[in-house]
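**Student:** The file below is my_file35.cif, mmCIF, C-alpha atoms:
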```
data_work
#
loop_
_atom_site.group_PDB
_atom_site.id
_atom_site.type_symbol
_atom_site.label_atom_id
_atom_site.label_comp_id
_atom_site.auth_asym_id
_atom_site.auth_seq_id
_atom_site.Cartn_x
_atom_site.Cartn_y
_atom_site.Cartn_z
ATOM 1 C CA ILE J 1 -7.120 -37.057 -63.734
ATOM 2 C CA VAL J 2 -9.775 -39.409 -65.115
ATOM 3 C CA ALA J 3 -10.763 -42.601 -63.277
ATOM 4 C CA GLY J 4 -12.320 -45.778 -64.601
ATOM 5 C CA THR J 5 -11.120 -49.139 -65.884
ATOM 6 C CA ASP J 6 -8.545 -50.227 -68.444
ATOM 7 C CA VAL J 7 -9.008 -52.576 -71.397
ATOM 8 C CA THR J 8 -8.255 -55.599 -69.195
ATOM 9 C CA GLY J 9 -11.082 -54.827 -66.765
ATOM 10 C CA HIS J 10 -8.952 -53.493 -63.926
ATOM 11 C CA ALA J 11 -9.221 -50.135 -62.171
ATOM 12 C CA ALA J 12 -7.033 -47.418 -63.661
ATOM 13 C CA VAL J 13 -6.543 -43.664 -63.812
ATOM 14 C CA ALA J 14 -5.411 -41.563 -66.749
ATOM 15 C CA LYS J 15 -3.689 -38.195 -66.704
ATOM 16 C CA LEU J 16 -4.656 -35.646 -69.337
ATOM 17 C CA GLY J 17 -2.781 -32.460 -70.161
ATOM 18 C CA GLY J 18 -2.031 -29.822 -72.733
ATOM 19 C CA THR J 19 -4.507 -27.760 -74.675
ATOM 20 C CA ASP J 20 -5.742 -30.791 -76.606
ATOM 21 C CA GLY J 21 -6.561 -32.861 -73.505
ATOM 22 C CA ASP J 22 -4.430 -35.779 -74.678
ATOM 23 C CA VAL J 23 -2.950 -38.281 -72.219
ATOM 24 C CA VAL J 24 0.391 -37.463 -70.583
ATOM 25 C CA ALA J 25 2.557 -40.254 -71.999
ATOM 26 C CA ALA J 26 5.064 -40.154 -69.118
ATOM 27 C CA PHE J 27 2.318 -41.026 -66.606
ATOM 28 C CA GLY J 28 1.924 -44.730 -65.920
ATOM 29 C CA THR J 29 2.098 -46.689 -69.164
ATOM 30 C CA GLY J 30 1.247 -44.481 -72.106
ATOM 31 C CA GLY J 31 -0.721 -42.103 -69.907
ATOM 32 C CA VAL J 32 -2.721 -44.742 -68.005
ATOM 33 C CA ALA J 33 -1.797 -46.129 -64.575
ATOM 34 C CA ALA J 34 -3.278 -49.455 -63.515
ATOM 35 C CA ILE J 35 -4.275 -49.865 -59.853
ATOM 36 C CA PRO J 36 -3.115 -53.141 -58.246
ATOM 37 C CA ASP J 37 -6.355 -54.950 -57.431
ATOM 38 C CA GLY J 38 -5.298 -58.501 -56.745
ATOM 39 C CA ALA J 39 -5.841 -60.057 -60.190
ATOM 40 C CA PRO J 40 -7.764 -62.005 -61.428
ATOM 41 C CA ALA J 41 -10.290 -59.773 -59.687
ATOM 42 C CA ARG J 42 -12.027 -57.100 -61.745
ATOM 43 C CA SER J 43 -12.407 -53.533 -60.506
ATOM 44 C CA VAL J 44 -13.299 -49.981 -61.501
ATOM 45 C CA ALA J 45 -12.200 -46.648 -60.005
ATOM 46 C CA THR J 46 -15.374 -44.655 -59.305
ATOM 47 C CA ALA J 47 -13.969 -41.924 -57.030
ATOM 48 C CA VAL J 48 -10.672 -40.063 -57.351
ATOM 49 C CA ALA J 49 -8.976 -37.002 -55.828
ATOM 50 C CA VAL J 50 -5.527 -35.407 -55.998
ATOM 51 C CA ARG J 51 -3.480 -34.427 -52.956
ATOM 52 C CA PRO J 52 -1.714 -31.026 -52.867
ATOM 53 C CA ASP J 53 1.624 -32.729 -53.635
ATOM 54 C CA GLY J 54 0.175 -34.446 -56.715
ATOM 55 C CA ARG J 55 -0.352 -37.940 -55.316
ATOM 56 C CA ILE J 56 -3.594 -39.542 -56.503
ATOM 57 C CA VAL J 57 -6.116 -41.353 -54.306
ATOM 58 C CA ALA J 58 -8.651 -43.629 -55.984
ATOM 59 C CA ALA J 59 -11.380 -45.961 -54.750
ATOM 60 C CA GLY J 60 -14.058 -48.228 -56.136
ATOM 61 C CA PRO J 61 -15.593 -51.708 -56.170
ATOM 62 C CA ARG J 62 -13.635 -54.903 -56.775
ATOM 63 C CA SER J 63 -15.161 -58.257 -57.625
ATOM 64 C CA ALA J 64 -14.570 -60.754 -54.833
ATOM 65 C CA ALA J 65 -17.071 -63.497 -55.641
ATOM 66 C CA PRO J 66 -19.758 -63.986 -54.547
ATOM 67 C CA SER J 67 -19.892 -60.255 -53.718
ATOM 68 C CA TYR J 68 -17.882 -57.059 -54.247
ATOM 69 C CA ASP J 69 -15.557 -55.390 -51.781
ATOM 70 C CA LEU J 70 -13.981 -51.935 -51.804
ATOM 71 C CA PHE J 71 -10.445 -50.903 -52.727
ATOM 72 C CA LEU J 72 -8.604 -47.740 -51.708
ATOM 73 C CA ALA J 73 -5.317 -46.948 -53.454
ATOM 74 C CA GLU J 74 -2.731 -44.204 -53.746
ATOM 75 C CA LEU J 75 -0.429 -43.508 -56.704
ATOM 76 C CA ASP J 76 2.516 -41.152 -56.906
ATOM 77 C CA THR J 77 2.820 -38.338 -59.437
ATOM 78 C CA ASN J 78 4.175 -40.779 -62.027
ATOM 79 C CA GLY J 79 1.329 -43.266 -61.569
ATOM 80 C CA ALA J 80 3.280 -45.821 -59.505
ATOM 81 C CA PRO J 81 1.695 -47.364 -56.360
ATOM 82 C CA THR J 82 2.634 -45.587 -53.127
ATOM 83 C CA THR J 83 3.856 -48.378 -50.869
ATOM 84 C CA SER J 84 3.962 -46.074 -47.821
ATOM 85 C CA PHE J 85 0.168 -45.838 -48.147
ATOM 86 C CA ALA J 86 -0.369 -49.588 -48.233
ATOM 87 C CA PRO J 87 1.499 -52.757 -49.207
ATOM 88 C CA GLY J 88 1.431 -52.652 -52.982
ATOM 89 C CA GLY J 89 -0.284 -49.259 -52.806
ATOM 90 C CA THR J 90 -3.808 -50.686 -52.342
ATOM 91 C CA ARG J 91 -5.969 -51.662 -49.377
ATOM 92 C CA PHE J 92 -9.158 -53.742 -49.524
ATOM 93 C CA TYR J 93 -12.218 -53.541 -47.293
ATOM 94 C CA ASP J 94 -15.455 -55.461 -46.996
ATOM 95 C CA GLN J 95 -17.696 -53.136 -45.012
ATOM 96 C CA ARG J 96 -20.678 -55.485 -44.803
ATOM 97 C CA PRO J 97 -19.694 -59.017 -45.833
ATOM 98 C CA GLY J 98 -22.282 -61.179 -47.498
ATOM 99 C CA ALA J 99 -23.072 -62.908 -50.747
ATOM 100 C CA GLY J 100 -24.783 -60.726 -53.322
ATOM 101 C CA ARG J 101 -23.692 -57.394 -51.836
ATOM 102 C CA VAL J 102 -21.993 -54.782 -54.018
ATOM 103 C CA GLU J 103 -19.991 -51.964 -52.446
ATOM 104 C CA SER J 104 -19.032 -48.831 -54.348
ATOM 105 C CA ALA J 105 -17.260 -45.522 -53.757
ATOM 106 C CA ASN J 106 -19.572 -42.711 -54.853
ATOM 107 C CA ASP J 107 -17.509 -39.644 -53.933
ATOM 108 C CA MET J 108 -14.346 -38.668 -52.087
ATOM 109 C CA VAL J 109 -13.062 -35.772 -49.986
ATOM 110 C CA LEU J 110 -9.416 -35.371 -48.905
ATOM 111 C CA ARG J 111 -8.864 -33.710 -45.547
ATOM 112 C CA ASP J 112 -6.003 -31.356 -44.678
ATOM 113 C CA ASP J 113 -4.542 -34.003 -42.339
ATOM 114 C CA GLY J 114 -4.251 -36.449 -45.250
ATOM 115 C CA SER J 115 -7.249 -38.566 -44.263
ATOM 116 C CA VAL J 116 -9.804 -39.712 -46.814
ATOM 117 C CA LEU J 117 -13.595 -39.521 -46.549
ATOM 118 C CA LEU J 118 -15.591 -41.824 -48.817
ATOM 119 C CA ALA J 119 -19.284 -41.903 -49.605
ATOM 120 C CA VAL J 120 -19.808 -45.665 -49.738
ATOM 121 C CA GLY J 121 -22.801 -47.290 -51.371
ATOM 122 C CA GLU J 122 -23.890 -50.783 -50.344
ATOM 123 C CA ALA J 123 -26.340 -52.511 -52.671
ATOM 124 C CA ASP J 124 -28.100 -55.827 -52.120
ATOM 125 C CA ILE J 125 -28.500 -57.537 -55.495
ATOM 126 C CA GLY J 126 -31.468 -59.557 -54.255
ATOM 127 C CA ASP J 127 -33.312 -56.830 -52.356
ATOM 128 C CA ALA J 128 -33.264 -53.220 -53.537
ATOM 129 C CA LEU J 129 -34.947 -52.121 -50.307
ATOM 130 C CA ASN J 130 -31.887 -53.293 -48.385
ATOM 131 C CA ASP J 131 -29.533 -50.783 -50.061
ATOM 132 C CA ASP J 132 -27.630 -48.526 -47.705
ATOM 133 C CA SER J 133 -25.028 -45.760 -47.646
ATOM 134 C CA SER J 134 -22.446 -44.487 -45.213
ATOM 135 C CA ILE J 135 -19.575 -42.033 -44.946
ATOM 136 C CA GLU J 136 -16.317 -43.801 -44.062
ATOM 137 C CA ARG J 137 -13.059 -42.185 -42.906
ATOM 138 C CA PHE J 138 -9.618 -43.598 -43.664
ATOM 139 C CA THR J 139 -6.335 -42.317 -42.260
ATOM 140 C CA ALA J 140 -3.510 -40.849 -44.347
ATOM 141 C CA THR J 141 -2.034 -44.356 -44.560
ATOM 142 C CA GLY J 142 -5.273 -45.969 -45.715
ATOM 143 C CA THR J 143 -6.454 -47.660 -42.510
ATOM 144 C CA ARG J 144 -10.122 -47.395 -41.570
ATOM 145 C CA ASP J 145 -10.820 -45.000 -38.672
ATOM 146 C CA LEU J 146 -13.108 -46.922 -36.313
ATOM 147 C CA THR J 147 -13.664 -43.824 -34.147
ATOM 148 C CA TYR J 148 -15.457 -41.966 -36.959
ATOM 149 C CA GLY J 149 -19.232 -41.781 -37.125
ATOM 150 C CA ASN J 150 -21.914 -43.664 -35.278
ATOM 151 C CA LEU J 151 -21.359 -47.277 -36.319
ATOM 152 C CA LEU J 152 -17.874 -48.781 -36.020
ATOM 153 C CA GLY J 153 -16.088 -46.369 -38.288
ATOM 154 C CA GLY J 154 -18.894 -45.076 -40.450
ATOM 155 C CA ALA J 155 -21.586 -42.402 -40.351
ATOM 156 C CA ARG J 156 -24.610 -44.449 -41.414
ATOM 157 C CA PHE J 157 -27.952 -43.033 -42.543
ATOM 158 C CA THR J 158 -31.255 -44.456 -41.338
ATOM 159 C CA ALA J 159 -33.740 -41.991 -42.826
ATOM 160 C CA GLY J 160 -35.479 -44.729 -44.814
ATOM 161 C CA THR J 161 -34.603 -47.540 -47.169
ATOM 162 C CA ASN J 162 -32.824 -47.613 -50.515
ATOM 163 C CA ILE J 163 -30.559 -44.790 -49.376
ATOM 164 C CA ALA J 164 -27.950 -43.386 -51.769
ATOM 165 C CA ILE J 165 -25.350 -40.684 -51.078
ATOM 166 C CA PRO J 166 -23.762 -39.744 -54.431
ATOM 167 C CA ALA J 167 -22.092 -36.512 -53.299
ATOM 168 C CA ILE J 168 -20.086 -35.199 -50.342
ATOM 169 C CA GLU J 169 -18.179 -31.947 -49.928
ATOM 170 C CA ALA J 170 -16.245 -30.292 -47.115
ATOM 171 C CA THR J 171 -17.290 -27.004 -45.544
ATOM 172 C CA PRO J 172 -14.849 -24.153 -44.749
ATOM 173 C CA ALA J 173 -14.852 -25.423 -41.125
ATOM 174 C CA ASN J 174 -13.906 -28.946 -42.316
ATOM 175 C CA GLU J 175 -17.332 -30.360 -41.550
ATOM 176 C CA LEU J 176 -19.032 -32.407 -44.244
ATOM 177 C CA TRP J 177 -22.153 -31.953 -46.338
ATOM 178 C CA ALA J 178 -23.633 -35.159 -47.749
ATOM 179 C CA GLY J 179 -26.421 -35.267 -50.322
ATOM 180 C CA GLY J 180 -28.563 -37.975 -51.852
ATOM 181 C CA TYR J 181 -31.968 -39.554 -51.482
ATOM 182 C CA ALA J 182 -33.949 -42.012 -49.368
ATOM 183 C CA LEU J 183 -37.059 -44.066 -50.055
ATOM 184 C CA LEU J 184 -39.680 -42.697 -47.673
ATOM 185 C CA PRO J 185 -43.482 -43.020 -47.570
ATOM 186 C CA GLY J 186 -44.614 -41.210 -50.696
ATOM 187 C CA GLY J 187 -41.531 -41.841 -52.803
ATOM 188 C CA LEU J 188 -37.864 -40.953 -53.153
ATOM 189 C CA GLN J 189 -37.032 -37.754 -51.265
ATOM 190 C CA THR J 190 -33.919 -35.627 -51.338
ATOM 191 C CA LEU J 191 -31.698 -36.237 -48.327
ATOM 192 C CA THR J 192 -29.231 -33.652 -47.051
ATOM 193 C CA SER J 193 -26.998 -34.239 -44.048
ATOM 194 C CA ARG J 194 -24.286 -32.318 -42.264
ATOM 195 C CA LEU J 195 -21.632 -34.075 -40.203
ATOM 196 C CA THR J 196 -18.989 -32.819 -37.785
ATOM 197 C CA THR J 197 -15.282 -33.588 -38.199
ATOM 198 C CA THR J 198 -15.858 -36.779 -36.165
ATOM 199 C CA GLY J 199 -18.809 -37.949 -38.261
ATOM 200 C CA GLN J 200 -21.539 -36.998 -35.805
ATOM 201 C CA ALA J 201 -24.717 -35.066 -36.584
ATOM 202 C CA ALA J 202 -23.925 -31.352 -36.691
ATOM 203 C CA GLY J 203 -25.403 -29.342 -33.843
ATOM 204 C CA GLY J 204 -28.426 -27.209 -34.749
ATOM 205 C CA PHE J 205 -29.147 -29.320 -37.818
ATOM 206 C CA PRO J 206 -32.506 -31.116 -38.079
ATOM 207 C CA THR J 207 -33.156 -34.449 -36.363
ATOM 208 C CA GLY J 208 -30.379 -36.976 -36.850
ATOM 209 C CA GLY J 209 -28.198 -34.520 -38.721
ATOM 210 C CA ARG J 210 -30.325 -34.842 -41.844
ATOM 211 C CA THR J 211 -33.260 -33.222 -43.555
ATOM 212 C CA THR J 212 -35.537 -34.355 -46.368
ATOM 213 C CA ALA J 213 -37.379 -32.109 -48.788
ATOM 214 C CA VAL J 214 -38.927 -32.534 -52.214
ATOM 215 C CA LEU J 215 -39.437 -35.815 -54.015
ATOM 216 C CA GLY J 216 -36.315 -36.174 -56.076
ATOM 217 C CA THR J 217 -32.771 -37.457 -56.445
ATOM 218 C CA PRO J 218 -29.950 -34.876 -56.251
ATOM 219 C CA ASP J 219 -26.873 -35.999 -58.152
ATOM 220 C CA ASP J 220 -24.273 -33.406 -57.122
ATOM 221 C CA PHE J 221 -23.880 -30.217 -55.130
ATOM 222 C CA THR J 222 -21.430 -27.521 -54.177
ATOM 223 C CA VAL J 223 -20.837 -25.681 -50.896
ATOM 224 C CA LEU J 224 -21.231 -21.926 -51.368
ATOM 225 C CA PRO J 225 -19.146 -19.241 -49.592
ATOM 226 C CA ASP J 226 -21.912 -18.660 -47.008
ATOM 227 C CA ASP J 227 -21.792 -22.391 -46.091
ATOM 228 C CA SER J 228 -25.108 -23.142 -47.778
ATOM 229 C CA VAL J 229 -25.454 -25.796 -50.487
ATOM 230 C CA LEU J 230 -26.683 -25.697 -54.076
ATOM 231 C CA ALA J 231 -27.801 -29.142 -55.277
ATOM 232 C CA VAL J 232 -28.760 -30.282 -58.773
ATOM 233 C CA GLY J 233 -30.593 -33.408 -59.846
ATOM 234 C CA GLY J 234 -34.026 -34.705 -60.799
ATOM 235 C CA ARG J 235 -37.446 -34.030 -59.263
ATOM 236 C CA ASP J 236 -40.703 -35.949 -59.270
ATOM 237 C CA ALA J 237 -43.183 -33.575 -60.905
ATOM 238 C CA GLY J 238 -46.274 -35.158 -59.355
ATOM 239 C CA GLY J 239 -47.119 -37.830 -61.892
ATOM 240 C CA GLY J 240 -45.719 -35.990 -64.896
ATOM 241 C CA PRO J 241 -42.291 -36.428 -66.473
ATOM 242 C CA ALA J 242 -39.328 -36.044 -64.113
ATOM 243 C CA ARG J 243 -37.792 -32.581 -64.203
ATOM 244 C CA ALA J 244 -34.241 -31.314 -63.737
ATOM 245 C CA MET J 245 -33.960 -29.147 -60.635
ATOM 246 C CA ALA J 246 -31.669 -26.990 -58.554
ATOM 247 C CA GLN J 247 -32.223 -26.719 -54.807
ATOM 248 C CA HIS J 248 -30.728 -24.256 -52.317
ATOM 249 C CA ILE J 249 -30.254 -25.572 -48.756
ATOM 250 C CA LEU J 250 -29.390 -23.102 -45.977
ATOM 251 C CA PRO J 251 -26.580 -23.807 -43.462
ATOM 252 C CA ASP J 252 -29.122 -25.065 -40.881
ATOM 253 C CA GLY J 253 -30.439 -27.667 -43.317
ATOM 254 C CA THR J 254 -33.685 -25.930 -44.247
ATOM 255 C CA PRO J 255 -34.653 -25.217 -47.872
ATOM 256 C CA ASP J 256 -34.260 -21.558 -48.856
ATOM 257 C CA PRO J 257 -37.813 -20.157 -49.189
ATOM 258 C CA ALA J 258 -36.500 -17.218 -51.258
ATOM 259 C CA PHE J 259 -34.996 -19.475 -53.921
ATOM 260 C CA PRO J 260 -35.459 -18.916 -56.753
ATOM 261 C CA ALA J 261 -36.219 -15.222 -56.971
ATOM 262 C CA GLY J 262 -39.737 -14.907 -58.343
ATOM 263 C CA GLY J 263 -40.912 -18.227 -56.909
ATOM 264 C CA GLY J 264 -40.773 -21.882 -57.886
ATOM 265 C CA PRO J 265 -42.366 -25.217 -56.990
ATOM 266 C CA GLY J 266 -41.451 -24.752 -53.306
ATOM 267 C CA SER J 267 -38.860 -26.251 -50.914
ATOM 268 C CA GLY J 268 -36.121 -23.972 -52.265
ATOM 269 C CA VAL J 269 -36.337 -25.544 -55.715
ATOM 270 C CA LYS J 270 -35.980 -24.146 -59.207
ATOM 271 C CA ASP J 271 -36.960 -26.275 -62.189
ATOM 272 C CA LEU J 272 -34.333 -26.250 -64.927
ATOM 273 C CA ASP J 273 -36.443 -27.572 -67.799
#
```
Show this structure as structure tokens.

**Tutor:**
Amino acid sequence: IVAGTDVTGHAAVAKLGGTDGDVVAAFGTGGVAAIPDGAPARSVATAVAVRPDGRIVAAGPRSAAPSYDLFLAELDTNGAPTTSFAPGGTRFYDQRPGAGRVESANDMVLRDDGSVLLAVGEADIGDALNDDSSIERFTATGTRDLTYGNLLGGARFTAGTNIAIPAIEATPANELWAGGYALLPGGLQTLTSRLTTTGQAAGGFPTGGRTTAVLGTPDDFTVLPDDSVLAVGGRDAGGGPARAMAQHILPDGTPDPAFPAGGGPGSGVKDLD
């Protein structure tokens, strides 16, 4: 499943199959399923996941002048809106109303109980230092869970300013790893957080359920079988050109001092270029 926008500027998903990766013509219309977004609004699907039964959940920003809100939609296996999920198959949310604010869905995790976790980005067009991120939980029928997290239905991060959380992933125990960066004194630093099933800071993890390490911006990560995390992204090389990096974070949130074997620039980091 590939998410994005169609030729009319509305959010859509495409289904690819076969050895040649061509679209599955029976899905949606010619292999592409449009997501009802309340036209004439414009939208783009930036996060997508597939349930075990084949239903597709997608989310992303939708223009709602003078700002952008967030849509969350579910489609059936044929690409039709799932009306049991929401009227018309789509729900709309404005997490922090205000002119000039853009909300986006950076990543998505589906829970075994059918609920949806979204890494939500909130950008202020007029003030980059007012950007923020949170993890939001939605029930299996698309309603926002106001009991999740530490701020009216969201686990919000206050490690610094200009915070971005581009990646989240579930642990074997159904907790959540979240990775990104925050603007702290000295520059952008990697930000790693671990949350319980209710969106609270995981016990035994560093202060506030988060830890910062090297100057850099991780773009994605994966949870390893031992519950540690391997992150990849870019690193500030101390005034020189930015470098691609991999970073190993232990289950307690501390960088792995033994990674990589043979040494590296520190903080559990290996340069990849």

**Student:** Using only C-alpha atoms, determine which residues lie at most 10 Å from J:Glu169, disregarding the query and same-chain residues fewer than 3 positions distant; provide the list as an NGL selection string.

**Tutor:** :J and (107-110 or 117 or 172 or 174-179 or 194 or 220-223 or 229)

**Student:** Assuming the chain letters and numbering stay as they are in my file, what does the PyMOL selection byres ((chain J and resi 77) around 6) actually select? List them as a list in words.

**Tutor:**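 Applied to this file, the PyMOL selection byres ((chain J and resi 77) around 6) selects Gly54, Arg55, Asp76, Asn78 and Gly79 of chain J.
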
**Student:** Would you work out the distance separating atom CA of J:Tyr68 from atom CA of J:Ala140, expressed in Å to one decimal?

**Tutor:**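 We find that atom CA of J:Tyr68 and atom CA of J:Ala140 lie 23.8 Å from each other.
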
**Student:** Would you work out the distance separating atom CA of J:Ser115 from atom CA of J:Gly17, expressed in Å to one decimal?

**Tutor:**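 Atom CA of J:Gly17 lies 27.0 Å from atom CA of J:Ser115.
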
**Student:** Which distance in Å separates atom CA of J:Ala242 and atom CA of J:Gly4, to one decimal?

**Tutor:** 28.7 Å

**Student:** Using only C-alpha atoms, find the one residue out of J:Thr19, J:Ser267, J:Thr171, J:Ser63 that sits nearest to J:Asp226.

**Tutor:** J:Thr171

**Student:** Please return, as a PDB file with C-alpha atoms, keeping the file's coordinate frame, all polymer residues that have at least one atom within 6 Å of the point (-18.6, -40.0, -34.6); use all atoms listed in the file and the file's own coordinate frame.

**Tutor:**
```pdb
ATOM      1  CA  TYR J 148     -15.457 -41.966 -36.959  1.00  0.00           C
ATOM      2  CA  GLY J 149     -19.232 -41.781 -37.125  1.00  0.00           C
ATOM      3  CA  ASN J 150     -21.914 -43.664 -35.278  1.00  0.00           C
ATOM      4  CA  THR J 198     -15.858 -36.779 -36.165  1.00  0.00           C
ATOM      5  CA  GLY J 199     -18.809 -37.949 -38.261  1.00  0.00           C
ATOM      6  CA  GLN J 200     -21.539 -36.998 -35.805  1.00  0.00           C
TER       7      GLN J 200
END
```

**Student:** So which residues get picked by the PyMOL selection byres ((chain J and resi 42) around 12) here, written as a PyMOL selection string?

**Tutor:** chain J and resi 4-12+34-41+43-45+60-65+67-71

**Student:** As a PyMOL selection string, please: the residues near stretch 250-259 of chain J (cut-off 6 Å, only C-alpha atoms, same-chain neighbours under 6 positions excluded).

**Tutor:** chain J and resi 205+227-228+267-268

**Student:** What's around J:Val32 at 9 Å? Count all atoms listed in the file, leave out sequence neighbours fewer than 3 positions away in its own chain, and write the answer as a list in words.

**Tutor:**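 Everything that qualifies: Asp6, Ala12, Val13, Ala14, Lys15, Val23, Val24, Ala25, Phe27, Gly28, Thr29 and Gly79 of chain J.
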
**Student:** Write a file of the just-selected residues containing C-alpha atoms, as a PDB file, in the frame of the given file.

**Tutor:**
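Result saved to out_16.pdb:
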```pdb
ATOM      1  CA  ASP J   6      -8.545 -50.227 -68.444  1.00  0.00           C
ATOM      2  CA  ALA J  12      -7.033 -47.418 -63.661  1.00  0.00           C
ATOM      3  CA  VAL J  13      -6.543 -43.664 -63.812  1.00  0.00           C
ATOM      4  CA  ALA J  14      -5.411 -41.563 -66.749  1.00  0.00           C
ATOM      5  CA  LYS J  15      -3.689 -38.195 -66.704  1.00  0.00           C
ATOM      6  CA  VAL J  23      -2.950 -38.281 -72.219  1.00  0.00           C
ATOM      7  CA  VAL J  24       0.391 -37.463 -70.583  1.00  0.00           C
ATOM      8  CA  ALA J  25       2.557 -40.254 -71.999  1.00  0.00           C
ATOM      9  CA  PHE J  27       2.318 -41.026 -66.606  1.00  0.00           C
ATOM     10  CA  GLY J  28       1.924 -44.730 -65.920  1.00  0.00           C
ATOM     11  CA  THR J  29       2.098 -46.689 -69.164  1.00  0.00           C
ATOM     12  CA  GLY J  79       1.329 -43.266 -61.569  1.00  0.00           C
TER      13      GLY J  79
END
```

**Student:** Using only C-alpha atoms, which residues sit within 12 Å of J:Pro260 once same-chain residues fewer than 2 positions away are excluded, as a list in words?

**Tutor:**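 Residues near the query, excluding close chain neighbours: Leu230, Met245, Ala246, Gln247, His248, Ile249, Pro255, Asp256, Pro257, Ala258, Gly262, Gly263, Gly264, Pro265, Gly266, Ser267, Gly268, Val269, Lys270, Asp271 and Leu272 of chain J.
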
**Student:** Quick one: which residues end up in the PyMOL selection byres ((chain J and resi 142) around 8) for this structure, as a VMD selection string?

**Tutor:** chain J and resid 72 to 73 85 to 86 91 115 to 116 138 to 141 143 to 144

**Student:** Hey, can you spit out that residue selection with C-alpha atoms as an mmCIF file, keeping the file's coordinate frame?

**Tutor:**
```cif
data_model
loop_
_atom_site.group_PDB
_atom_site.id
_atom_site.type_symbol
_atom_site.label_atom_id
_atom_site.label_comp_id
_atom_site.auth_asym_id
_atom_site.auth_seq_id
_atom_site.Cartn_x
_atom_site.Cartn_y
_atom_site.Cartn_z
ATOM 1 C CA LEU J 72 -8.604 -47.740 -51.708
ATOM 2 C CA ALA J 73 -5.317 -46.948 -53.454
ATOM 3 C CA PHE J 85 0.168 -45.838 -48.147
ATOM 4 C CA ALA J 86 -0.369 -49.588 -48.233
ATOM 5 C CA ARG J 91 -5.969 -51.662 -49.377
ATOM 6 C CA SER J 115 -7.249 -38.566 -44.263
ATOM 7 C CA VAL J 116 -9.804 -39.712 -46.814
ATOM 8 C CA PHE J 138 -9.618 -43.598 -43.664
ATOM 9 C CA THR J 139 -6.335 -42.317 -42.260
ATOM 10 C CA ALA J 140 -3.510 -40.849 -44.347
ATOM 11 C CA THR J 141 -2.034 -44.356 -44.560
ATOM 12 C CA THR J 143 -6.454 -47.660 -42.510
ATOM 13 C CA ARG J 144 -10.122 -47.395 -41.570
#
```

**Student:** For J:Leu118, which of J:Ala59, J:Val102, J:Leu75, J:Ala170 is the closest residue, counting all atoms listed in the file?

**Tutor:**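 Under the stated criterion, the closest residue is J:Ala59.
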